[in-house]
Every structure is written in C-alpha cells, then in structure tokens.
$ cat upload-v1.txt   # compact mmCIF, C-alpha atoms
# COMPACT_ATOMS: atom_id res chain seq x y z
CA MET A 1 122.85 79.18 90.23
CA SER A 2 119.65 79.87 92.20
CA MET A 3 117.85 83.22 92.20
CA ALA A 4 118.99 83.73 95.79
CA GLN A 5 122.60 83.11 94.78
CA ILE A 6 122.28 85.43 91.78
CA THR A 7 120.78 88.17 93.96
CA GLU A 8 123.44 87.72 96.65
CA SER A 9 126.22 87.75 94.05
CA GLY A 10 125.09 91.21 92.96
CA ALA A 11 124.48 90.14 89.36
CA THR A 12 122.72 92.85 87.37
CA GLY A 13 120.07 92.45 84.70
CA VAL A 14 118.04 89.84 86.60
CA ALA A 15 114.62 90.91 87.90
CA ASP A 16 113.46 89.23 91.10
CA GLY A 17 110.02 88.09 89.98
CA LEU A 18 107.26 90.23 88.50
CA ALA A 19 107.72 93.10 90.98
CA GLY A 20 111.35 93.46 89.94
CA ALA A 21 110.32 93.76 86.28
CA ILE A 22 107.93 96.68 86.84
CA GLY A 23 109.39 100.13 86.13
CA ASN A 24 112.80 101.25 84.83
CA THR A 25 111.22 101.65 81.39
CA PRO A 26 113.21 103.46 78.69
CA LEU A 27 112.71 107.08 77.69
CA ILE A 28 112.30 107.16 73.91
CA ARG A 29 113.12 110.24 71.87
CA LEU A 30 110.09 110.89 69.66
CA ARG A 31 111.77 111.88 66.43
CA ARG A 32 108.93 113.57 64.54
CA ALA A 33 107.58 115.48 67.55
CA SER A 34 111.12 116.62 68.35
CA GLU A 35 111.84 117.71 64.77
CA ALA A 36 108.51 119.56 64.51
CA THR A 37 109.24 121.66 67.61
CA GLY A 38 113.01 122.00 67.71
CA CYS A 39 112.85 120.47 71.17
CA THR A 40 113.69 117.06 72.57
CA ILE A 41 110.40 115.29 73.26
CA LEU A 42 110.75 112.08 75.24
CA GLY A 43 108.12 109.39 75.85
CA LYS A 44 108.47 107.05 78.83
CA ALA A 45 107.70 103.61 77.42
CA GLU A 46 105.27 102.41 80.09
CA PHE A 47 103.72 99.96 77.62
CA MET A 48 106.88 97.89 78.26
CA ASN A 49 105.80 97.02 81.81
CA PRO A 50 104.82 93.32 82.25
CA GLY A 51 101.09 94.09 82.25
CA GLY A 52 101.44 96.45 79.32
CA SER A 53 100.77 99.78 81.00
CA VAL A 54 101.84 102.45 83.49
CA LYS A 55 99.21 101.06 85.87
CA ASP A 56 101.47 98.15 86.80
CA ARG A 57 103.29 100.69 88.97
CA ALA A 58 100.08 101.70 90.76
CA GLY A 59 99.04 98.07 91.24
CA LEU A 60 102.39 97.20 92.79
CA ALA A 61 102.53 100.32 94.98
CA ILE A 62 98.99 99.82 96.32
CA ILE A 63 99.54 96.14 97.13
CA LEU A 64 102.95 96.73 98.78
CA ASP A 65 101.41 99.53 100.87
CA ALA A 66 98.51 97.31 101.97
CA GLU A 67 101.00 94.60 102.95
CA ARG A 68 103.10 97.07 104.96
CA ARG A 69 100.00 98.34 106.76
CA GLY A 70 99.04 94.75 107.62
CA VAL A 71 95.59 94.92 105.96
CA LEU A 72 96.50 92.50 103.17
CA LYS A 73 97.43 89.04 104.42
CA PRO A 74 98.42 85.82 102.56
CA GLY A 75 95.44 84.47 100.62
CA GLY A 76 93.65 87.83 100.84
CA THR A 77 91.40 89.52 98.28
CA VAL A 78 91.78 92.90 96.60
CA VAL A 79 88.77 94.66 95.04
CA GLU A 80 89.05 97.59 92.64
CA GLY A 81 86.96 99.65 90.25
CA THR A 82 88.96 100.38 87.10
CA ALA A 83 88.80 101.26 83.42
CA GLY A 84 90.96 98.17 82.92
CA ASN A 85 94.68 98.79 83.17
CA THR A 86 94.85 99.11 86.97
CA GLY A 87 92.82 95.94 87.19
CA ILE A 88 95.37 94.19 85.01
CA GLY A 89 98.28 95.50 87.10
CA LEU A 90 96.61 94.53 90.39
CA THR A 91 95.66 91.06 89.13
CA LEU A 92 99.14 90.23 87.87
CA VAL A 93 100.82 91.52 91.03
CA GLY A 94 98.16 89.69 93.06
CA ASN A 95 98.81 86.45 91.15
CA SER A 96 102.53 86.77 91.86
CA ARG A 97 101.97 87.34 95.59
CA GLY A 98 99.08 84.95 96.29
CA TYR A 99 96.06 87.28 96.29
CA ARG A 100 92.71 87.07 94.52
CA CYS A 101 91.54 90.14 92.61
CA VAL A 102 87.92 91.15 92.02
CA ILE A 103 87.73 93.79 89.32
CA VAL A 104 84.68 96.03 88.72
CA MET A 105 84.67 97.68 85.30
CA PRO A 106 82.23 99.72 83.20
CA GLU A 107 80.95 97.53 80.35
CA THR A 108 81.83 100.32 77.89
CA GLN A 109 85.58 99.63 78.06
CA SER A 110 87.37 97.97 75.17
CA GLN A 111 86.76 94.27 74.54
CA GLU A 112 90.52 93.68 74.55
CA LYS A 113 90.81 94.80 78.19
CA ILE A 114 87.78 92.71 79.18
CA ASP A 115 89.24 89.62 77.49
CA PHE A 116 92.69 90.22 78.98
CA LEU A 117 91.36 90.53 82.53
CA ARG A 118 89.47 87.27 82.18
CA MET A 119 92.51 85.58 80.63
CA ILE A 120 94.76 86.44 83.59
CA GLY A 121 92.30 85.16 86.18
CA ALA A 122 90.58 88.28 87.47
CA ASP A 123 87.10 87.85 88.95
CA LEU A 124 85.59 90.41 86.57
CA ARG A 125 82.29 92.19 87.29
CA LEU A 126 81.04 94.29 84.36
CA ILE A 127 78.44 96.94 85.25
CA PRO A 128 76.64 99.74 83.36
CA ALA A 129 78.62 102.97 82.98
CA LYS A 130 77.32 105.64 85.37
CA PRO A 131 78.66 109.10 86.31
CA TYR A 132 80.58 109.45 89.57
CA LYS A 133 77.65 111.16 91.30
CA ASP A 134 75.50 108.04 90.70
CA PRO A 135 75.69 105.38 93.48
CA GLY A 136 75.94 102.78 90.68
CA ASN A 137 79.26 104.22 89.44
CA TYR A 138 81.98 101.56 89.26
CA VAL A 139 84.09 103.23 91.97
CA HIS A 140 81.23 103.24 94.52
CA TYR A 141 80.19 99.74 93.50
CA SER A 142 83.72 98.42 94.11
CA ARG A 143 83.88 100.09 97.55
CA ARG A 144 80.60 98.49 98.64
CA LEU A 145 81.70 95.11 97.25
CA ALA A 146 84.99 95.26 99.19
CA GLU A 147 83.08 96.06 102.38
CA GLU A 148 80.66 93.16 101.82
CA MET A 149 83.51 90.74 101.13
CA GLY A 150 85.75 91.97 103.94
CA ALA A 151 88.38 92.54 101.26
CA VAL A 152 90.97 95.28 100.69
CA TRP A 153 89.61 98.11 98.52
CA ALA A 154 92.50 99.35 96.37
CA ASN A 155 90.85 102.78 95.95
CA GLN A 156 93.35 103.96 93.32
CA PHE A 157 91.78 107.43 92.96
CA ASP A 158 92.10 108.46 96.60
CA ASN A 159 94.78 106.08 97.90
CA LEU A 160 97.96 108.16 98.11
CA ALA A 161 100.10 105.01 97.81
CA ASN A 162 99.37 105.41 94.08
CA ARG A 163 101.12 108.77 93.68
CA GLU A 164 103.81 107.78 96.20
CA GLY A 165 104.76 104.88 93.93
CA HIS A 166 105.34 107.35 91.09
CA ARG A 167 107.14 109.84 93.37
CA THR A 168 109.66 107.17 94.32
CA THR A 169 110.06 105.47 90.91
CA THR A 170 108.73 107.19 87.77
CA GLY A 171 109.83 110.72 88.69
CA PRO A 172 113.37 109.81 89.78
CA GLU A 173 113.77 107.60 86.68
CA ILE A 174 112.92 110.53 84.38
CA TRP A 175 115.36 112.78 86.28
CA GLU A 176 118.18 110.27 86.06
CA GLN A 177 117.52 109.30 82.43
CA THR A 178 117.65 112.95 81.32
CA GLY A 179 120.62 113.77 83.55
CA GLY A 180 118.40 116.38 85.18
CA ARG A 181 117.95 118.17 81.86
CA VAL A 182 114.15 118.24 81.66
CA ASP A 183 112.20 121.48 81.33
CA ALA A 184 108.60 120.26 81.32
CA PHE A 185 106.44 117.20 81.91
CA THR A 186 102.99 116.56 80.45
CA CYS A 187 100.54 113.87 81.51
CA SER A 188 96.84 113.10 81.38
CA CYS A 189 95.00 112.10 84.55
CA GLY A 190 92.56 109.42 85.59
CA THR A 191 93.51 108.92 89.22
CA GLY A 192 96.15 111.63 88.95
CA GLY A 193 98.76 109.33 90.48
CA THR A 194 101.30 109.55 87.65
CA LEU A 195 101.16 113.33 87.20
CA ALA A 196 101.14 113.96 90.95
CA GLY A 197 103.99 111.60 91.83
CA VAL A 198 106.20 112.77 88.97
CA SER A 199 105.44 116.42 89.77
CA LEU A 200 106.39 115.98 93.44
CA ALA A 201 109.63 114.19 92.49
CA LEU A 202 110.74 116.60 89.75
CA LYS A 203 109.73 119.81 91.55
CA ALA A 204 111.82 118.70 94.53
CA LYS A 205 114.83 118.58 92.20
CA ARG A 206 113.99 121.62 90.10
CA PRO A 207 111.17 123.92 91.29
CA ASP A 208 110.87 125.77 87.96
CA ILE A 209 110.09 122.69 85.86
CA ARG A 210 106.71 123.10 84.10
CA ILE A 211 104.12 120.48 85.02
CA VAL A 212 101.21 120.49 82.55
CA LEU A 213 98.04 118.42 82.88
CA ALA A 214 96.80 117.05 79.54
CA ASP A 215 93.02 116.62 79.47
CA PRO A 216 90.59 115.13 76.94
CA GLN A 217 87.22 116.63 76.04
CA GLY A 218 84.53 115.53 78.51
CA SER A 219 86.77 116.05 81.54
CA GLY A 220 86.69 118.83 84.12
CA LEU A 221 90.37 118.84 85.10
CA PHE A 222 91.47 121.38 82.46
CA GLY A 223 88.95 123.86 83.87
CA TRP A 224 89.93 122.98 87.44
CA VAL A 225 93.59 123.83 86.81
CA THR A 226 93.00 126.94 84.68
CA ALA A 227 89.89 128.45 86.30
CA ASN A 228 89.00 126.37 89.37
CA ASP A 229 85.92 125.20 87.43
CA LEU A 230 85.14 121.47 87.08
CA THR A 231 82.41 121.97 84.44
CA VAL A 232 82.42 119.11 81.92
CA GLU A 233 81.79 119.64 78.18
CA GLY A 234 81.95 117.25 75.23
CA SER A 235 83.20 113.67 75.21
CA SER A 236 86.22 111.57 74.22
CA VAL A 237 86.95 108.08 72.91
CA THR A 238 89.98 107.80 75.22
CA GLU A 239 89.65 105.41 78.16
CA GLY A 240 90.81 105.67 81.75
CA ILE A 241 91.55 109.41 81.76
CA GLY A 242 89.52 112.51 82.47
CA GLN A 243 87.56 113.34 85.61
CA SER A 244 84.49 115.18 86.86
CA ARG A 245 86.06 115.49 90.32
CA VAL A 246 89.50 116.03 91.86
CA PRO A 247 90.88 112.73 93.24
CA GLU A 248 92.88 112.88 96.48
CA ASN A 249 96.01 111.96 94.50
CA LEU A 250 95.84 115.33 92.69
CA LYS A 251 95.17 117.53 95.70
CA ASP A 252 97.91 119.87 96.97
CA VAL A 253 100.19 118.95 94.06
CA PRO A 254 102.05 121.64 92.06
CA ILE A 255 100.56 121.87 88.54
CA ASP A 256 101.56 124.87 86.43
CA ASP A 257 99.07 124.66 83.57
CA ALA A 258 96.69 122.43 81.64
CA VAL A 259 95.89 121.88 77.96
CA ARG A 260 92.74 120.36 76.49
CA ILE A 261 93.36 117.99 73.59
CA PRO A 262 90.56 116.98 71.19
CA ASP A 263 90.40 113.36 70.01
CA GLU A 264 91.42 114.29 66.45
CA GLU A 265 94.69 115.82 67.68
CA ALA A 266 95.41 112.85 69.95
CA LEU A 267 94.70 110.28 67.22
CA GLU A 268 96.95 112.15 64.80
CA GLN A 269 99.82 111.43 67.21
CA VAL A 270 98.74 107.81 67.81
CA PHE A 271 98.72 107.06 64.07
CA ASP A 272 101.86 109.11 63.37
CA LEU A 273 103.88 107.32 66.07
CA LEU A 274 102.73 103.95 64.77
CA ILE A 275 103.35 104.35 61.04
CA HIS A 276 106.47 106.57 61.16
CA GLU A 277 108.23 105.51 64.37
CA GLY A 278 106.96 101.97 64.93
CA LEU A 279 105.53 102.82 68.36
CA SER A 280 102.12 101.34 69.05
CA VAL A 281 100.33 103.33 71.77
CA GLY A 282 96.81 103.98 73.04
CA GLY A 283 94.71 107.13 73.07
CA SER A 284 95.95 108.54 76.37
CA ALA A 285 99.54 108.44 75.06
CA GLY A 286 98.31 110.36 72.00
CA ILE A 287 96.89 113.05 74.28
CA ASN A 288 100.15 113.17 76.25
CA VAL A 289 102.33 113.55 73.14
CA ALA A 290 100.01 116.17 71.62
CA ALA A 291 100.26 118.10 74.90
CA ALA A 292 104.06 117.75 74.91
CA ILE A 293 104.17 119.24 71.40
CA ARG A 294 102.01 122.19 72.47
CA VAL A 295 104.15 122.83 75.55
CA ALA A 296 107.37 122.54 73.50
CA ARG A 297 106.08 125.16 71.04
CA VAL A 298 105.36 127.56 73.91
CA LEU A 299 108.80 126.99 75.49
CA GLY A 300 110.61 127.34 72.17
CA PRO A 301 113.43 125.35 70.55
CA GLY A 302 116.15 123.75 72.64
CA HIS A 303 114.01 122.56 75.55
CA THR A 304 113.33 119.01 76.75
CA VAL A 305 109.77 117.81 77.41
CA ALA A 306 109.01 114.40 78.89
CA THR A 307 105.68 112.58 78.81
CA ILE A 308 104.16 109.14 79.38
CA LEU A 309 103.37 106.50 76.74
CA CYS A 310 100.77 104.91 79.00
CA ASP A 311 99.91 101.69 77.18
CA GLY A 312 100.00 99.92 73.81
CA GLY A 313 97.64 100.23 70.88
CA SER A 314 96.68 96.54 70.80
CA ARG A 315 94.44 97.17 73.82
CA TYR A 316 92.21 99.33 71.56
CA GLN A 317 92.12 97.46 68.25
CA SER A 318 88.33 97.25 68.29
CA LYS A 319 88.04 101.02 68.78
CA LEU A 320 90.93 103.33 67.84
CA PHE A 321 92.11 101.03 65.03
CA ASN A 322 88.66 100.04 63.79
CA PRO A 323 87.58 102.10 60.75
CA ASP A 324 83.87 101.53 61.44
CA PHE A 325 84.21 102.78 65.02
CA LEU A 326 86.25 105.82 63.94
CA ARG A 327 83.73 106.74 61.24
CA SER A 328 80.86 106.36 63.72
CA LYS A 329 82.53 109.04 65.85
CA ASN A 330 83.41 111.25 62.84
CA LEU A 331 87.11 110.69 63.54
CA PRO A 332 89.84 110.40 60.88
CA VAL A 333 90.69 106.93 59.54
CA PRO A 334 94.38 106.47 58.65
CA ASP A 335 94.93 105.48 55.01
CA TRP A 336 96.37 102.04 55.80
CA LEU A 337 93.16 101.10 57.67
CA ALA A 338 90.69 102.76 55.28

$ encode --input "upload-v1.txt" --output "structure tokens"
Amino acid sequence: MSMAQITESGATGVADGLAGAIGNTPLIRLRRASEATGCTILGKAEFMNPGGSVKDRAGLAIILDAERRGVLKPGGTVVEGTAGNTGIGLTLVGNSRGYRCVIVMPETQSQEKIDFLRMIGADLRLIPAKPYKDPGNYVHYSRRLAEEMGAVWANQFDNLANREGHRTTTGPEIWEQTGGRVDAFTCSCGTGGTLAGVSLALKAKRPDIRIVLADPQGSGLFGWVTANDLTVEGSSVTEGIGQSRVPENLKDVPIDDAVRIPDEEALEQVFDLLIHEGLSVGGSAGINVAAAIRVARVLGPGHTVATILCDGGSRYQSKLFNPDFLRSKNLPVPDWLA
C-alpha cells in the first residue's frame, strides 16, 4: 500500500513525512516533582520531536508560513541565527522540503549542537558571541547575510509565525491531553514563541490559568514581567534562553508572573529527572521544572501544572554532564559523574 493509499484510507498512526512527525508529543507526569508538591506536574516531552527539541515546531511553522506567503520557493535558501536547536529544526524541515539552510551560531554553544548541525548538512557559520546591541551579534549577522544572499531570513525572535505554530499545536495539545484540567503553565523564553503561543491558546480556553515565565540568571525577562525593568544581572550555563530585550513574539501576550531560577536549582532537577525517572533533559527543561515546582507550591496541593521538556541531555554532554565544566563554574557534580 502506498503512502497516498494509506492516507486516503484514513489509517491512523502513520506520519506523512517529517512534518507529520513533529508535535503530538506526550505529557509525562513527573513523579518526584508531583510528590514533593502534592500537585500533578506534567512535562511535555518535546525532546521526542524528530530533531530532538521543541524548536522543530518553530522550524516547521516558519517554513510553512514562508511557503504560504510565496517568499520561499523550491530550491530556496533559509538563513537563521540560532543557539542551535532552531537551526536543527529548520535544517531538517528544509532537507525534507528541498531547501538549503545557512545557520549562524555563536561559537560558545555546545560542541554537540555544532557537530549535529554539520552532520545534518547545515551550512554552519560560527561567529564570536556578542550582545544583542552589538552589530556583530548572531541575529544581526544572520539578517545581513540573508539580505546579501537574497535568501529568506527566518527571524525566529520577531517572526510571529513562531508563536502561531505553538498557538495552533502545542497549546491545544496540552489542553486536550489534560482534559482541560490545567491550572498553570511555566516556560522559559528565548524567542518567547513557546510561552506566547501556549499562553494565547490556553487563556482563550480558560482566562484564569496562570502563565509564568521561567528565567535564568543573566536575563532581563524576569524583571520585565515583574517590574517592567530589563536590567540584566549574573549569568547562566543554560543555552538558548534568556533575553536582554523583548522579542516581538512576547509582546502583547498575557503573562501573569515570572520566576528567576539559578543554575544550581535547575541542575538539581536535570540530574534528579535523569537518575530517578530516566528522563534525560537539558538545562532549559531543568529551569522549567524548577519553576513548575515553585508555582505548584504557591498554588497548593491538588493543582495541575504543565511545562516544557525542551530538549535532551545528550546535546550538553560536554557541559552539563562534564564534571570539569561543572566544577569550573562552581556548580554541583552529581555523585555518579564525580
């Protein structure tokens, strides 16, 4: 039976190519976080997407939007500045649809993401890490490169197709998977697409749901939500989250509160999930789960809090699971790695 015949026959359980395999990830009850709070804490297993992260959704949404608008044609090129995961999502979706992807990335990102991007055929341009206000910042560099090449600039931070992809998929999935019984949602932000899209979707269903932005040290978004102050203090070993500005994806989106999570608290969750629940996740997922626990404690027992398990731990072996790196940052080393 051909794929066309299978699709026409209405058979379920068959994804039509890569695009059909992105999304519809399970919600996993996090046993220890739930037991510690008396709440039900659920992690959306975005590491189960084909490219290994939540950013597959953004990559697909941005490319489909560019196709619909007629700016991305067969054989075209997409350029993006990324901390890695969006570049992976865009490249894999691009491969599946006949596009070339040029990815600009700060050279400070994990070696695993650099190697993975090269492995999947991205045209990778590594540049020095610079703050957003510097013209050499990877976002500005990617915009200029797209202009020079006459290519499509994905512009994940300010392209609202990003949050729209989450409004139409991630948010409704969480609502359906919980049967509408969800009291709060926590999420960290890089582009803001996930938090914004899920917030718009869930608030439309239940206006009193609490949407809480989880922020690492070294980011201004906690201060922006709580005091309209984008001042940045400290730093974090997490990658791809935190901001010194408010991306377009986050503007005019209902956010009820924010929490700031230090690296030690995030890593405690990363290591705990791995060794006690068999879930291998990266640092941003640790921040999200730590935030979910804080929010659950404020709400009190009996509530349901959902969050995002953004990507897997194997993408950070050389950092978060490297005892030498952890010691160099004065961070705790779990006993099985010591």

$ axis_aligned_box --input "upload-v1.txt" --around "stretch 319-338 of chain A" --padding-each-side "4 Å" --output "JSON"
{"center_x": 88.6, "center_y": 105.6, "center_z": 61.9, "size_x": 23.5, "size_y": 19.2, "size_z": 21.8}

$ closest_residue --input "upload-v1.txt" --among "A:Cys310, A:Val104, A:Leu160, A:Ala36" --to "A:Ala61" --atoms "all atoms listed in the file"
A:Leu160

$ residues_near_point --input "upload-v1.txt" --point "(98.1, 100.6, 84.7)" --cutoff "6 Å" --atoms "only C-alpha atoms" --output "list in words"
Ser53, Val54, Lys55, Asp56, Asn85, Thr86 and Gly89 of chain A

$ residues_around --input "upload-v1.txt" --residues "stretch 140-152 of chain A" --least-positions-apart "2" --cutoff "10 Å" --atoms "only C-alpha atoms" --output "ChimeraX atom specification"
/A:63,66,71-73,76-82,100-105,125,127,132-138,154-155

$ residues_around --input "upload-v1.txt" --residues "A:Ala45" --least-positions-apart "3" --cutoff "8 Å" --atoms "all atoms listed in the file" --output "MDAnalysis selection string"
chainID A and resid 25:28 48 308:310

$ write_last_selection --input "upload-v1.txt" --atoms "C-alpha atoms" --output "PDB file, in the coordinates of the input"
ATOM      1  CA  THR A  25     111.220 101.650  81.390  1.00  0.00           C
ATOM      2  CA  PRO A  26     113.210 103.460  78.690  1.00  0.00           C
ATOM      3  CA  LEU A  27     112.710 107.080  77.690  1.00  0.00           C
ATOM      4  CA  ILE A  28     112.300 107.160  73.910  1.00  0.00           C
ATOM      5  CA  MET A  48     106.880  97.890  78.260  1.00  0.00           C
ATOM      6  CA  ILE A 308     104.160 109.140  79.380  1.00  0.00           C
ATOM      7  CA  LEU A 309     103.370 106.500  76.740  1.00  0.00           C
ATOM      8  CA  CYS A 310     100.770 104.910  79.000  1.00  0.00           C
TER       9      CYS A 310
END

$ closest_residue --input "upload-v1.txt" --among "A:Glu277, A:Ala258, A:Thr191, A:Asn330" --to "A:Ser236" --atoms "all atoms listed in the file"
A:Asn330

$ closest_residue --input "upload-v1.txt" --among "A:Ala196, A:Leu230, A:Ala285, A:Ala338" --to "A:Pro254" --atoms "only C-alpha atoms"
A:Ala196

$ closest_residue --input "upload-v1.txt" --among "A:Ile120, A:Leu64, A:Ala201, A:Leu126" --to "A:Gly180" --atoms "only C-alpha atoms"
A:Ala201

$ closest_residue --input "upload-v1.txt" --among "A:Met119, A:Ile241, A:Arg297, A:Pro207" --to "A:Glu35" --atoms "all atoms listed in the file"
A:Arg297

$ atom_distance --input "upload-v1.txt" --atom1 "atom CA of A:Ser199" --atom2 "atom CA of A:Ala21"
23.4 Å

$ decode --input "upload-v1.txt" --residues "stretch 241-252 of chain A" --atoms "all heavy atoms" --output "PDB file, in the first residue's frame"
ATOM      1  N   ILE A 241      18.088  30.299  26.026  1.00  0.00           N
ATOM      2  CA  ILE A 241      17.017  31.001  26.736  1.00  0.00           C
ATOM      3  C   ILE A 241      17.598  32.220  27.434  1.00  0.00           C
ATOM      4  O   ILE A 241      18.810  32.340  27.620  1.00  0.00           O
ATOM      5  CB  ILE A 241      16.290  30.094  27.753  1.00  0.00           C
ATOM      6  CG1 ILE A 241      17.292  29.481  28.747  1.00  0.00           C
ATOM      7  CG2 ILE A 241      15.477  29.036  27.048  1.00  0.00           C
ATOM      8  CD1 ILE A 241      16.633  28.756  29.903  1.00  0.00           C
ATOM      9  N   GLY A 242      16.689  33.123  27.826  1.00  0.00           N
ATOM     10  CA  GLY A 242      17.116  34.378  28.427  1.00  0.00           C
ATOM     11  C   GLY A 242      17.268  35.450  27.366  1.00  0.00           C
ATOM     12  O   GLY A 242      17.640  35.162  26.233  1.00  0.00           O
ATOM     13  N   GLN A 243      16.953  36.701  27.745  1.00  0.00           N
ATOM     14  CA  GLN A 243      16.967  37.803  26.787  1.00  0.00           C
ATOM     15  C   GLN A 243      17.312  39.112  27.464  1.00  0.00           C
ATOM     16  O   GLN A 243      17.019  39.314  28.641  1.00  0.00           O
ATOM     17  CB  GLN A 243      15.576  37.954  26.147  1.00  0.00           C
ATOM     18  CG  GLN A 243      15.347  37.138  24.902  1.00  0.00           C
ATOM     19  CD  GLN A 243      16.227  37.549  23.751  1.00  0.00           C
ATOM     20  OE1 GLN A 243      16.814  38.626  23.744  1.00  0.00           O
ATOM     21  NE2 GLN A 243      16.354  36.680  22.769  1.00  0.00           N
ATOM     22  N   SER A 244      17.925  40.012  26.686  1.00  0.00           N
ATOM     23  CA  SER A 244      18.151  41.381  27.158  1.00  0.00           C
ATOM     24  C   SER A 244      17.185  42.340  26.485  1.00  0.00           C
ATOM     25  O   SER A 244      17.275  43.552  26.638  1.00  0.00           O
ATOM     26  CB  SER A 244      19.592  41.806  26.855  1.00  0.00           C
ATOM     27  OG  SER A 244      19.840  41.712  25.455  1.00  0.00           O
ATOM     28  N   ARG A 245      16.243  41.779  25.698  1.00  0.00           N
ATOM     29  CA  ARG A 245      15.222  42.590  25.033  1.00  0.00           C
ATOM     30  C   ARG A 245      13.930  41.779  25.000  1.00  0.00           C
ATOM     31  O   ARG A 245      13.915  40.600  25.347  1.00  0.00           O
ATOM     32  CB  ARG A 245      15.645  42.939  23.604  1.00  0.00           C
ATOM     33  CG  ARG A 245      15.651  41.739  22.664  1.00  0.00           C
ATOM     34  CD  ARG A 245      16.085  42.105  21.252  1.00  0.00           C
ATOM     35  NE  ARG A 245      16.027  40.969  20.352  1.00  0.00           N
ATOM     36  CZ  ARG A 245      15.105  40.790  19.399  1.00  0.00           C
ATOM     37  NH1 ARG A 245      14.146  41.686  19.237  1.00  0.00           N
ATOM     38  NH2 ARG A 245      15.142  39.736  18.611  1.00  0.00           N
ATOM     39  N   VAL A 246      12.853  42.425  24.568  1.00  0.00           N
ATOM     40  CA  VAL A 246      11.564  41.733  24.463  1.00  0.00           C
ATOM     41  C   VAL A 246      11.302  41.425  22.986  1.00  0.00           C
ATOM     42  O   VAL A 246      11.015  42.333  22.212  1.00  0.00           O
ATOM     43  CB  VAL A 246      10.418  42.590  25.042  1.00  0.00           C
ATOM     44  CG1 VAL A 246       9.097  41.831  24.949  1.00  0.00           C
ATOM     45  CG2 VAL A 246      10.723  42.970  26.487  1.00  0.00           C
ATOM     46  N   PRO A 247      11.418  40.156  22.569  1.00  0.00           N
ATOM     47  CA  PRO A 247      11.142  39.815  21.169  1.00  0.00           C
ATOM     48  C   PRO A 247       9.673  40.076  20.824  1.00  0.00           C
ATOM     49  O   PRO A 247       8.801  40.065  21.698  1.00  0.00           O
ATOM     50  CB  PRO A 247      11.447  38.307  21.096  1.00  0.00           C
ATOM     51  CG  PRO A 247      12.247  38.002  22.322  1.00  0.00           C
ATOM     52  CD  PRO A 247      11.800  38.974  23.358  1.00  0.00           C
ATOM     53  N   GLU A 248       9.402  40.299  19.539  1.00  0.00           N
ATOM     54  CA  GLU A 248       8.029  40.554  19.090  1.00  0.00           C
ATOM     55  C   GLU A 248       7.083  39.426  19.505  1.00  0.00           C
ATOM     56  O   GLU A 248       5.909  39.665  19.794  1.00  0.00           O
ATOM     57  CB  GLU A 248       7.989  40.733  17.573  1.00  0.00           C
ATOM     58  CG  GLU A 248       8.599  42.035  17.077  1.00  0.00           C
ATOM     59  CD  GLU A 248       7.862  43.275  17.555  1.00  0.00           C
ATOM     60  OE1 GLU A 248       6.605  43.239  17.626  1.00  0.00           O
ATOM     61  OE2 GLU A 248       8.539  44.271  17.886  1.00  0.00           O
ATOM     62  N   ASN A 249       7.606  38.184  19.534  1.00  0.00           N
ATOM     63  CA  ASN A 249       6.750  37.045  19.893  1.00  0.00           C
ATOM     64  C   ASN A 249       6.164  37.175  21.292  1.00  0.00           C
ATOM     65  O   ASN A 249       5.122  36.594  21.582  1.00  0.00           O
ATOM     66  CB  ASN A 249       7.529  35.730  19.759  1.00  0.00           C
ATOM     67  CG  ASN A 249       7.525  35.202  18.339  1.00  0.00           C
ATOM     68  OD1 ASN A 249       6.489  34.783  17.833  1.00  0.00           O
ATOM     69  ND2 ASN A 249       8.674  35.232  17.682  1.00  0.00           N
ATOM     70  N   LEU A 250       6.843  37.917  22.186  1.00  0.00           N
ATOM     71  CA  LEU A 250       6.376  38.035  23.572  1.00  0.00           C
ATOM     72  C   LEU A 250       5.477  39.248  23.803  1.00  0.00           C
ATOM     73  O   LEU A 250       4.854  39.355  24.864  1.00  0.00           O
ATOM     74  CB  LEU A 250       7.579  38.140  24.511  1.00  0.00           C
ATOM     75  CG  LEU A 250       8.170  36.849  25.069  1.00  0.00           C
ATOM     76  CD1 LEU A 250       9.319  37.153  26.009  1.00  0.00           C
ATOM     77  CD2 LEU A 250       7.113  35.991  25.765  1.00  0.00           C
ATOM     78  N   LYS A 251       5.445  40.151  22.835  1.00  0.00           N
ATOM     79  CA  LYS A 251       4.701  41.396  23.058  1.00  0.00           C
ATOM     80  C   LYS A 251       3.192  41.160  23.011  1.00  0.00           C
ATOM     81  O   LYS A 251       2.692  40.369  22.216  1.00  0.00           O
ATOM     82  CB  LYS A 251       5.123  42.441  22.025  1.00  0.00           C
ATOM     83  CG  LYS A 251       6.563  42.933  22.249  1.00  0.00           C
ATOM     84  CD  LYS A 251       6.978  43.991  21.262  1.00  0.00           C
ATOM     85  CE  LYS A 251       8.419  44.446  21.551  1.00  0.00           C
ATOM     86  NZ  LYS A 251       8.916  45.367  20.509  1.00  0.00           N
ATOM     87  N   ASP A 252       2.480  41.870  23.892  1.00  0.00           N
ATOM     88  CA  ASP A 252       1.011  41.822  23.939  1.00  0.00           C
ATOM     89  C   ASP A 252       0.477  40.420  24.216  1.00  0.00           C
ATOM     90  O   ASP A 252      -0.586  40.038  23.722  1.00  0.00           O
ATOM     91  CB  ASP A 252       0.413  42.348  22.624  1.00  0.00           C
ATOM     92  CG  ASP A 252       0.929  43.739  22.278  1.00  0.00           C
ATOM     93  OD1 ASP A 252       0.975  44.574  23.191  1.00  0.00           O
ATOM     94  OD2 ASP A 252       1.294  43.963  21.107  1.00  0.00           O
TER      95      ASP A 252
END
